[in-house]
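Okay, structure first, notes after.
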Amino acid sequence: MPKEMILEKIDQAAKILNEKNIDMWMTYVRETGNMKDPMMDMMVGTGATWQSAFIITKNGDTHAVIGSLELENMKTVGTYKNIHSYLKSVKEKLIEVLDSIKPAKIAINYSHNSSLADGLTHGLYLELMDHLKDTKYVNAFISSEEIIAALKGRKSAGELANMKEAIKETLKIFDEVTKFLKPGVTEKQVAQFVLDLCNKKGLELSWDAEHCPAVFSGPNTAGAHSGPTDRVIETGHVVNMDFGVKYNGYCSDLQRTWYICFPHEDKAPADVQRGFDVIKESITRAANELKPGKKGWEIDEVARNFIQIKGYEEYPHGLGHQVGRFAHDGGALLGPKWERYGNLPLLEVEEGNVFTIEPRLTIPNYGIATIEEEVLITKDGCEFLSERQNEIYLIR
């Protein structure tokens with residue numbers, strides 16, 4: 001991530017600390033080449049070998065407490081104003097820095113609910129507690145999840161520009177897929193076609209290549225969270241693709257649906273068309289309710305209830321997640337109040353968040369109808385960042 005964008009996010013973090021009345025945020029790490037904290041690229045811009053603390057205070061000061069051999073690298077990176085190096089043990093230098101700040105409340109990188117805020121391993125946490133056991137700071141720690149949810153969720157103009165480009169490139173590839181799809185090709189062949197296009201364009205995938213793109217065709221599919229299979233795409237199949245790319249480190253995440261026509265067909269069968277239309281309308285209804293202050297579960301309930309009222313089973317996942325530097329990013333989730341989602345569906349949507357909206361339903365004997373769009377939360381509603389799929393794509 002460019003230095004200028006890191007400094008922009010550091011400034012944003014200081015404002016969030018003030019808003020939430022938290023004195024400082026500390027990201028505590030070691031050996032990030034083996035296990036990188038999810039926030040290191042966005043908030044530091046380099047790695048760390050030895051036990052290290054990267055600190056942002058609510059008055060905007062930044063402190064990096066690092067091993068001595070990494071001093072010159074940190075100076076070159078230039079993202080932290082105050083750099084404190086140590087030789088034998090981080091303990092003394094860390095306590096010295098904390099004493100200069102005198103924080104009563106310290107957000108640190110652990111979380112019950114958010115993987116993005118949970119980069120501190122249990123062993124390293126015990127080390128940190130041992131370093132600070134004789135200080136008042138040992139009782140000052142809280143989870144950084146609230147800060148990270150706001151920081152990752154509130155997109156800057158630069159972040160949005162990158163995300164819009166990622167969406168644009170993804171939609172271009174969907175257009176190429178429409179030209180490529182035909183009966184007789186396999187899910188794996190379609191996926192390889194997309195991967196070859198990405199390689200040709202120099203585009204990085206939004207998630208692991210094993211299931212990016214996810215391609216699933218016909219009834220009884222493996223689904224979006226499984227890799228493409230050797231299943232042959234046939235006439236009468238509904239075909240779906242879940243796919244995204246990165247642009248300057250920022251992701252897209254979209255899904256599209258096709259129908260493979262029999263030779264005598266010039267449109268989708270009534271059951272297929274109805275399933276697609278219900279999905280499209282559920283997205284419209286959810287988007288109409290989506291605005292700052294709403295809780296994620298409330299938006300999920302709009303789409304979920306509509307689909308069930310229309311006679312289909314509820315979809316087995318949340319309605320939508322945030323997107324950013326990761327395909328699944330931010331804090332609040334548009335999801336049901338299921339235990340597996342923790343508190344994320346209970347969080348409020350904020351202006352500047354980017355969410356997917358991705359309901360699905362099963363069309364018996366044909367496959368899965370699903371569309372995934374991306375929306376930006378505005379001051380009093382939301383706007384679509386992706387050009388919507390308003391008609392099922394027909395392959396004749």
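Here's how to read the names in the structure tokens: chain A, B, ... by the order shown, residue numbers from 1 in each chain, ligand numbers from 1 in the order shown.
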
Enumerate as a PyMOL selection string all residues of segment 58-109 of chain A assigned to alpha helix (DSSP H) by DSSP on the backbone, naming them with the chain letters and numbers the document uses.
chain A and resi 71-77+90-101

Excluding Gly331 of chain A and its own-chain neighbours fewer than 6 positions away, which residues fall within 8 Å of it when counting only C-alpha atoms? Please give them as a PyMOL selection string.
chain A and resi 114+145-146+148-150+152-153+322+344+347

Writing out the chosen residues with C-alpha atoms as a PDB file, in the first residue's frame:
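Ended up saving to part.pdb:
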```pdb
ATOM      1  CA  SER A 114     -13.533 -10.050  13.782  1.00  0.00           C
ATOM      2  CA  GLU A 145     -12.285  -4.572  16.665  1.00  0.00           C
ATOM      3  CA  GLU A 146     -14.347  -1.381  17.017  1.00  0.00           C
ATOM      4  CA  ILE A 148     -10.738  -1.615  12.799  1.00  0.00           C
ATOM      5  CA  ALA A 149     -14.403  -1.975  11.836  1.00  0.00           C
ATOM      6  CA  ALA A 150     -14.651   1.791  11.395  1.00  0.00           C
ATOM      7  CA  LYS A 152     -11.720  -0.629   7.276  1.00  0.00           C
ATOM      8  CA  GLY A 153     -15.352   0.255   6.659  1.00  0.00           C
ATOM      9  CA  GLN A 322     -18.106  -5.552   3.406  1.00  0.00           C
ATOM     10  CA  LEU A 344     -21.382  -8.607  13.398  1.00  0.00           C
ATOM     11  CA  LEU A 347     -23.506  -3.596  14.257  1.00  0.00           C
TER      12      LEU A 347
END
```

Which residues, written as a PDB file with C-alpha atoms, in the first residue's frame, have at least one atom at most 9 Å from Asn248 of chain A, with only C-alpha atoms counted and residues fewer than 4 positions away on the same chain left out?
```
ATOM      1  CA  MET A   1       0.000   0.000   0.000  1.00  0.00           C
ATOM      2  CA  ASN A 162      -9.499   1.584  -6.723  1.00  0.00           C
ATOM      3  CA  MET A 163     -12.575  -0.482  -5.889  1.00  0.00           C
ATOM      4  CA  ALA A 166     -11.711  -3.543  -9.734  1.00  0.00           C
TER       5      ALA A 166
END
```

Write out as number ranges by chain each polymer residue whose atoms come within 6 Å of segment 188-198 of chain A, counting only C-alpha atoms; drop sequence neighbours fewer than 5 positions from it.
A: 203, 213, 228-230

Mind writing the picked residues with N, CA and C atoms as a short mmCIF file (atom, residue, chain, number, x, y, z; two decimals), in the first residue's frame?
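Saved the output as selection-v7.cif:
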```cif
data_model
loop_
_atom_site.label_atom_id
_atom_site.label_comp_id
_atom_site.auth_asym_id
_atom_site.auth_seq_id
_atom_site.Cartn_x
_atom_site.Cartn_y
_atom_site.Cartn_z
N LEU A 203 -4.01 -9.13 -13.68
CA LEU A 203 -4.90 -8.88 -12.55
C LEU A 203 -4.73 -9.94 -11.47
N PRO A 213 -12.16 -18.02 -9.98
CA PRO A 213 -13.62 -17.97 -9.81
C PRO A 213 -14.20 -19.28 -9.31
N PRO A 228 -14.24 -25.21 -8.73
CA PRO A 228 -14.91 -25.75 -9.92
C PRO A 228 -14.60 -27.24 -10.07
N THR A 229 -15.55 -27.97 -10.62
CA THR A 229 -15.42 -29.43 -10.76
C THR A 229 -15.34 -29.79 -12.24
N ASP A 230 -15.30 -31.11 -12.51
CA ASP A 230 -15.30 -31.61 -13.89
C ASP A 230 -16.71 -31.74 -14.45
#
```

Residues near Glu187 of chain A, anyone? I mean within 12 Å using only C-alpha atoms, not counting same-chain ones fewer than 2 positions away, as a VMD selection string.
chain A and resid 177 180 to 185 189 to 194 211 to 218 221 to 224 226 to 234 237 239 to 241

Would you save the residues of that selection, restricted to C-alpha atoms, as a short mmCIF file (atom, residue, chain, number, x, y, z; two decimals), in the first residue's frame?
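Heads up, here's the output in part_25.cif:
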```cif
data_model
loop_
_atom_site.label_atom_id
_atom_site.label_comp_id
_atom_site.auth_asym_id
_atom_site.auth_seq_id
_atom_site.Cartn_x
_atom_site.Cartn_y
_atom_site.Cartn_z
CA VAL A 177 -17.41 -15.45 -20.06
CA PHE A 180 -17.13 -18.40 -23.97
CA LEU A 181 -19.92 -20.37 -22.27
CA LYS A 182 -21.51 -23.21 -24.22
CA PRO A 183 -22.77 -26.74 -23.64
CA GLY A 184 -19.98 -29.27 -23.36
CA VAL A 185 -17.39 -27.23 -21.49
CA GLN A 189 -12.55 -25.12 -18.22
CA VAL A 190 -14.62 -22.00 -17.61
CA ALA A 191 -12.55 -21.21 -14.53
CA GLN A 192 -9.30 -21.71 -16.44
CA PHE A 193 -10.56 -19.37 -19.17
CA VAL A 194 -11.07 -16.69 -16.54
CA HIS A 211 -12.29 -21.16 -5.95
CA CYS A 212 -11.80 -17.77 -7.58
CA PRO A 213 -13.62 -17.97 -9.81
CA ALA A 214 -16.18 -20.31 -8.32
CA VAL A 215 -18.16 -21.85 -11.18
CA PHE A 216 -21.21 -23.98 -10.42
CA SER A 217 -23.64 -25.40 -12.96
CA GLY A 218 -26.97 -27.18 -12.85
CA THR A 221 -23.88 -28.18 -7.35
CA ALA A 222 -20.88 -28.06 -5.05
CA GLY A 223 -21.54 -24.32 -4.60
CA ALA A 224 -19.55 -21.09 -4.44
CA SER A 226 -16.02 -25.15 -3.42
CA GLY A 227 -13.68 -25.16 -6.35
CA PRO A 228 -14.91 -25.75 -9.92
CA THR A 229 -15.42 -29.43 -10.76
CA ASP A 230 -15.30 -31.61 -13.89
CA ARG A 231 -19.07 -31.32 -14.23
CA VAL A 232 -20.02 -30.67 -17.86
CA ILE A 233 -22.25 -27.68 -18.49
CA GLU A 234 -25.39 -28.82 -20.29
CA HIS A 237 -28.44 -25.69 -16.67
CA VAL A 239 -24.76 -21.49 -14.38
CA ASN A 240 -23.28 -19.17 -11.76
CA MET A 241 -19.92 -17.56 -11.24
#
```

With a distance cut-off of 12 Å and only C-alpha atoms, select the neighbouring residues of Ala161 of chain A, excluding the residue or stretch itself and same-chain residues fewer than 6 positions from it, and output the selection as an NGL selection string.
:A and (155 or 167-168 or 247-252 or 324 or 376 or 385)

Take the residues from that selection and put them in a file with C-alpha atoms, as a PDB file, in the first residue's frame.
```
ATOM      1  CA  LYS A 155     -13.699   4.136   2.531  1.00  0.00           C
ATOM      2  CA  ILE A 167     -15.461  -3.776 -10.333  1.00  0.00           C
ATOM      3  CA  LYS A 168     -15.074  -2.473 -13.887  1.00  0.00           C
ATOM      4  CA  TYR A 247      -6.883  -3.244  -8.385  1.00  0.00           C
ATOM      5  CA  ASN A 248      -4.032  -1.558  -6.511  1.00  0.00           C
ATOM      6  CA  GLY A 249      -4.709  -3.921  -3.606  1.00  0.00           C
ATOM      7  CA  TYR A 250      -8.491  -3.359  -3.441  1.00  0.00           C
ATOM      8  CA  CYS A 251     -11.016  -6.111  -4.198  1.00  0.00           C
ATOM      9  CA  SER A 252     -14.198  -6.650  -6.111  1.00  0.00           C
ATOM     10  CA  GLY A 324     -12.089  -3.547   0.740  1.00  0.00           C
ATOM     11  CA  LEU A 376     -21.752   2.159  -1.325  1.00  0.00           C
ATOM     12  CA  LEU A 385     -21.168   0.573  -7.600  1.00  0.00           C
TER      13      LEU A 385
END
```

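The strand (DSSP E) portion of segment 109-274 of chain A consists of A:Phe141, A:Ile142, A:Ser143, A:Glu204, A:Leu205, A:Ala214, A:Val215, A:Phe216, A:Ser217, A:Val238, A:Val239, A:Asn240, A:Met241, A:Asp242, A:Phe243, A:Val245, A:Lys246, A:Tyr247, A:Tyr250, A:Cys251, A:Leu254, A:Gln255, A:Arg256, A:Thr257, A:Trp258, A:Tyr259, A:Ile260, with states taken from DSSP on the backbone.
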
So that I have them on file, write out the residues from the current selection with N, CA and C atoms, as a PDB file, in the first residue's frame.
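Saved the output as part.pdb:
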```pdb
ATOM      1  N   PHE A 141      -6.255  -3.010  28.530  1.00  0.00           N
ATOM      2  CA  PHE A 141      -6.484  -3.474  27.173  1.00  0.00           C
ATOM      3  C   PHE A 141      -7.953  -3.746  26.850  1.00  0.00           C
ATOM      4  N   ILE A 142      -8.333  -3.346  25.657  1.00  0.00           N
ATOM      5  CA  ILE A 142      -9.627  -3.691  25.088  1.00  0.00           C
ATOM      6  C   ILE A 142      -9.380  -4.175  23.655  1.00  0.00           C
ATOM      7  N   SER A 143     -10.371  -4.794  23.044  1.00  0.00           N
ATOM      8  CA  SER A 143     -10.232  -5.262  21.664  1.00  0.00           C
ATOM      9  C   SER A 143     -10.191  -4.073  20.697  1.00  0.00           C
ATOM     10  N   GLU A 204      -4.687  -9.492 -10.232  1.00  0.00           N
ATOM     11  CA  GLU A 204      -4.617 -10.392  -9.082  1.00  0.00           C
ATOM     12  C   GLU A 204      -6.029 -10.756  -8.655  1.00  0.00           C
ATOM     13  N   LEU A 205      -6.206 -11.993  -8.188  1.00  0.00           N
ATOM     14  CA  LEU A 205      -7.519 -12.455  -7.753  1.00  0.00           C
ATOM     15  C   LEU A 205      -7.864 -11.920  -6.368  1.00  0.00           C
ATOM     16  N   ALA A 214     -15.328 -19.156  -8.588  1.00  0.00           N
ATOM     17  CA  ALA A 214     -16.177 -20.309  -8.324  1.00  0.00           C
ATOM     18  C   ALA A 214     -17.147 -20.421  -9.498  1.00  0.00           C
ATOM     19  N   VAL A 215     -17.248 -21.600 -10.059  1.00  0.00           N
ATOM     20  CA  VAL A 215     -18.164 -21.848 -11.176  1.00  0.00           C
ATOM     21  C   VAL A 215     -19.033 -23.032 -10.775  1.00  0.00           C
ATOM     22  N   PHE A 216     -20.342 -22.869 -10.786  1.00  0.00           N
ATOM     23  CA  PHE A 216     -21.213 -23.981 -10.418  1.00  0.00           C
ATOM     24  C   PHE A 216     -22.412 -24.015 -11.346  1.00  0.00           C
ATOM     25  N   SER A 217     -22.682 -25.230 -11.859  1.00  0.00           N
ATOM     26  CA  SER A 217     -23.636 -25.399 -12.956  1.00  0.00           C
ATOM     27  C   SER A 217     -24.661 -26.477 -12.645  1.00  0.00           C
ATOM     28  N   VAL A 238     -28.729 -23.846 -15.157  1.00  0.00           N
ATOM     29  CA  VAL A 238     -28.427 -22.498 -14.687  1.00  0.00           C
ATOM     30  C   VAL A 238     -26.976 -22.510 -14.219  1.00  0.00           C
ATOM     31  N   VAL A 239     -26.191 -21.554 -14.688  1.00  0.00           N
ATOM     32  CA  VAL A 239     -24.756 -21.492 -14.382  1.00  0.00           C
ATOM     33  C   VAL A 239     -24.471 -20.210 -13.607  1.00  0.00           C
ATOM     34  N   ASN A 240     -23.659 -20.339 -12.569  1.00  0.00           N
ATOM     35  CA  ASN A 240     -23.285 -19.174 -11.757  1.00  0.00           C
ATOM     36  C   ASN A 240     -21.779 -19.038 -11.668  1.00  0.00           C
ATOM     37  N   MET A 241     -21.339 -17.815 -11.487  1.00  0.00           N
ATOM     38  CA  MET A 241     -19.922 -17.562 -11.235  1.00  0.00           C
ATOM     39  C   MET A 241     -19.787 -16.520 -10.129  1.00  0.00           C
ATOM     40  N   ASP A 242     -18.929 -16.824  -9.147  1.00  0.00           N
ATOM     41  CA  ASP A 242     -18.574 -15.921  -8.049  1.00  0.00           C
ATOM     42  C   ASP A 242     -17.108 -15.555  -8.267  1.00  0.00           C
ATOM     43  N   PHE A 243     -16.820 -14.260  -8.438  1.00  0.00           N
ATOM     44  CA  PHE A 243     -15.497 -13.880  -8.927  1.00  0.00           C
ATOM     45  C   PHE A 243     -15.176 -12.441  -8.559  1.00  0.00           C
ATOM     46  N   VAL A 245     -11.518  -9.439  -8.654  1.00  0.00           N
ATOM     47  CA  VAL A 245     -10.098  -9.148  -8.854  1.00  0.00           C
ATOM     48  C   VAL A 245      -9.693  -7.983  -7.958  1.00  0.00           C
ATOM     49  N   LYS A 246      -8.376  -7.808  -7.838  1.00  0.00           N
ATOM     50  CA  LYS A 246      -7.838  -6.678  -7.088  1.00  0.00           C
ATOM     51  C   LYS A 246      -7.289  -5.624  -8.045  1.00  0.00           C
ATOM     52  N   TYR A 247      -7.478  -4.363  -7.659  1.00  0.00           N
ATOM     53  CA  TYR A 247      -6.883  -3.244  -8.385  1.00  0.00           C
ATOM     54  C   TYR A 247      -6.163  -2.385  -7.355  1.00  0.00           C
ATOM     55  N   TYR A 250      -7.095  -3.421  -3.888  1.00  0.00           N
ATOM     56  CA  TYR A 250      -8.491  -3.359  -3.441  1.00  0.00           C
ATOM     57  C   TYR A 250      -9.350  -4.292  -4.283  1.00  0.00           C
ATOM     58  N   CYS A 251     -10.295  -4.976  -3.611  1.00  0.00           N
ATOM     59  CA  CYS A 251     -11.016  -6.111  -4.198  1.00  0.00           C
ATOM     60  C   CYS A 251     -12.366  -5.738  -4.782  1.00  0.00           C
ATOM     61  N   LEU A 254     -18.235 -10.152  -7.077  1.00  0.00           N
ATOM     62  CA  LEU A 254     -19.511 -10.113  -7.785  1.00  0.00           C
ATOM     63  C   LEU A 254     -19.917 -11.518  -8.233  1.00  0.00           C
ATOM     64  N   GLN A 255     -21.213 -11.721  -8.428  1.00  0.00           N
ATOM     65  CA  GLN A 255     -21.715 -12.978  -8.978  1.00  0.00           C
ATOM     66  C   GLN A 255     -22.700 -12.689 -10.096  1.00  0.00           C
ATOM     67  N   ARG A 256     -22.698 -13.573 -11.092  1.00  0.00           N
ATOM     68  CA  ARG A 256     -23.617 -13.457 -12.212  1.00  0.00           C
ATOM     69  C   ARG A 256     -24.210 -14.826 -12.523  1.00  0.00           C
ATOM     70  N   THR A 257     -25.381 -14.819 -13.183  1.00  0.00           N
ATOM     71  CA  THR A 257     -26.133 -16.036 -13.488  1.00  0.00           C
ATOM     72  C   THR A 257     -26.457 -16.100 -14.979  1.00  0.00           C
ATOM     73  N   TRP A 258     -26.265 -17.289 -15.573  1.00  0.00           N
ATOM     74  CA  TRP A 258     -26.573 -17.567 -16.970  1.00  0.00           C
ATOM     75  C   TRP A 258     -27.550 -18.744 -17.057  1.00  0.00           C
ATOM     76  N   TYR A 259     -28.250 -18.825 -18.161  1.00  0.00           N
ATOM     77  CA  TYR A 259     -29.054 -20.010 -18.463  1.00  0.00           C
ATOM     78  C   TYR A 259     -28.621 -20.545 -19.823  1.00  0.00           C
ATOM     79  N   ILE A 260     -28.374 -21.868 -19.899  1.00  0.00           N
ATOM     80  CA  ILE A 260     -27.964 -22.520 -21.142  1.00  0.00           C
ATOM     81  C   ILE A 260     -29.214 -23.034 -21.856  1.00  0.00           C
TER      82      ILE A 260
END
```

Which of these, A:Asn109, A:Ala369, A:Asp61, A:Gly78, has the shortest distance to Met40 of chain A once you count only C-alpha atoms?
A:Asn109

Closest contacts (segment 309-347 of chain A/segment 116-135 of chain A, max 10 Å, only C-alpha atoms) as a tab-separated table:
```
residue	atom	partner	partner_atom	distance
A:Phe326	CA	A:Leu116	CA	9.5
A:His328	CA	A:Leu116	CA	9.4
A:Asp329	CA	A:Leu116	CA	7.5
A:Gly330	CA	A:Leu116	CA	7.7
A:Gly331	CA	A:Leu116	CA	8.5
```
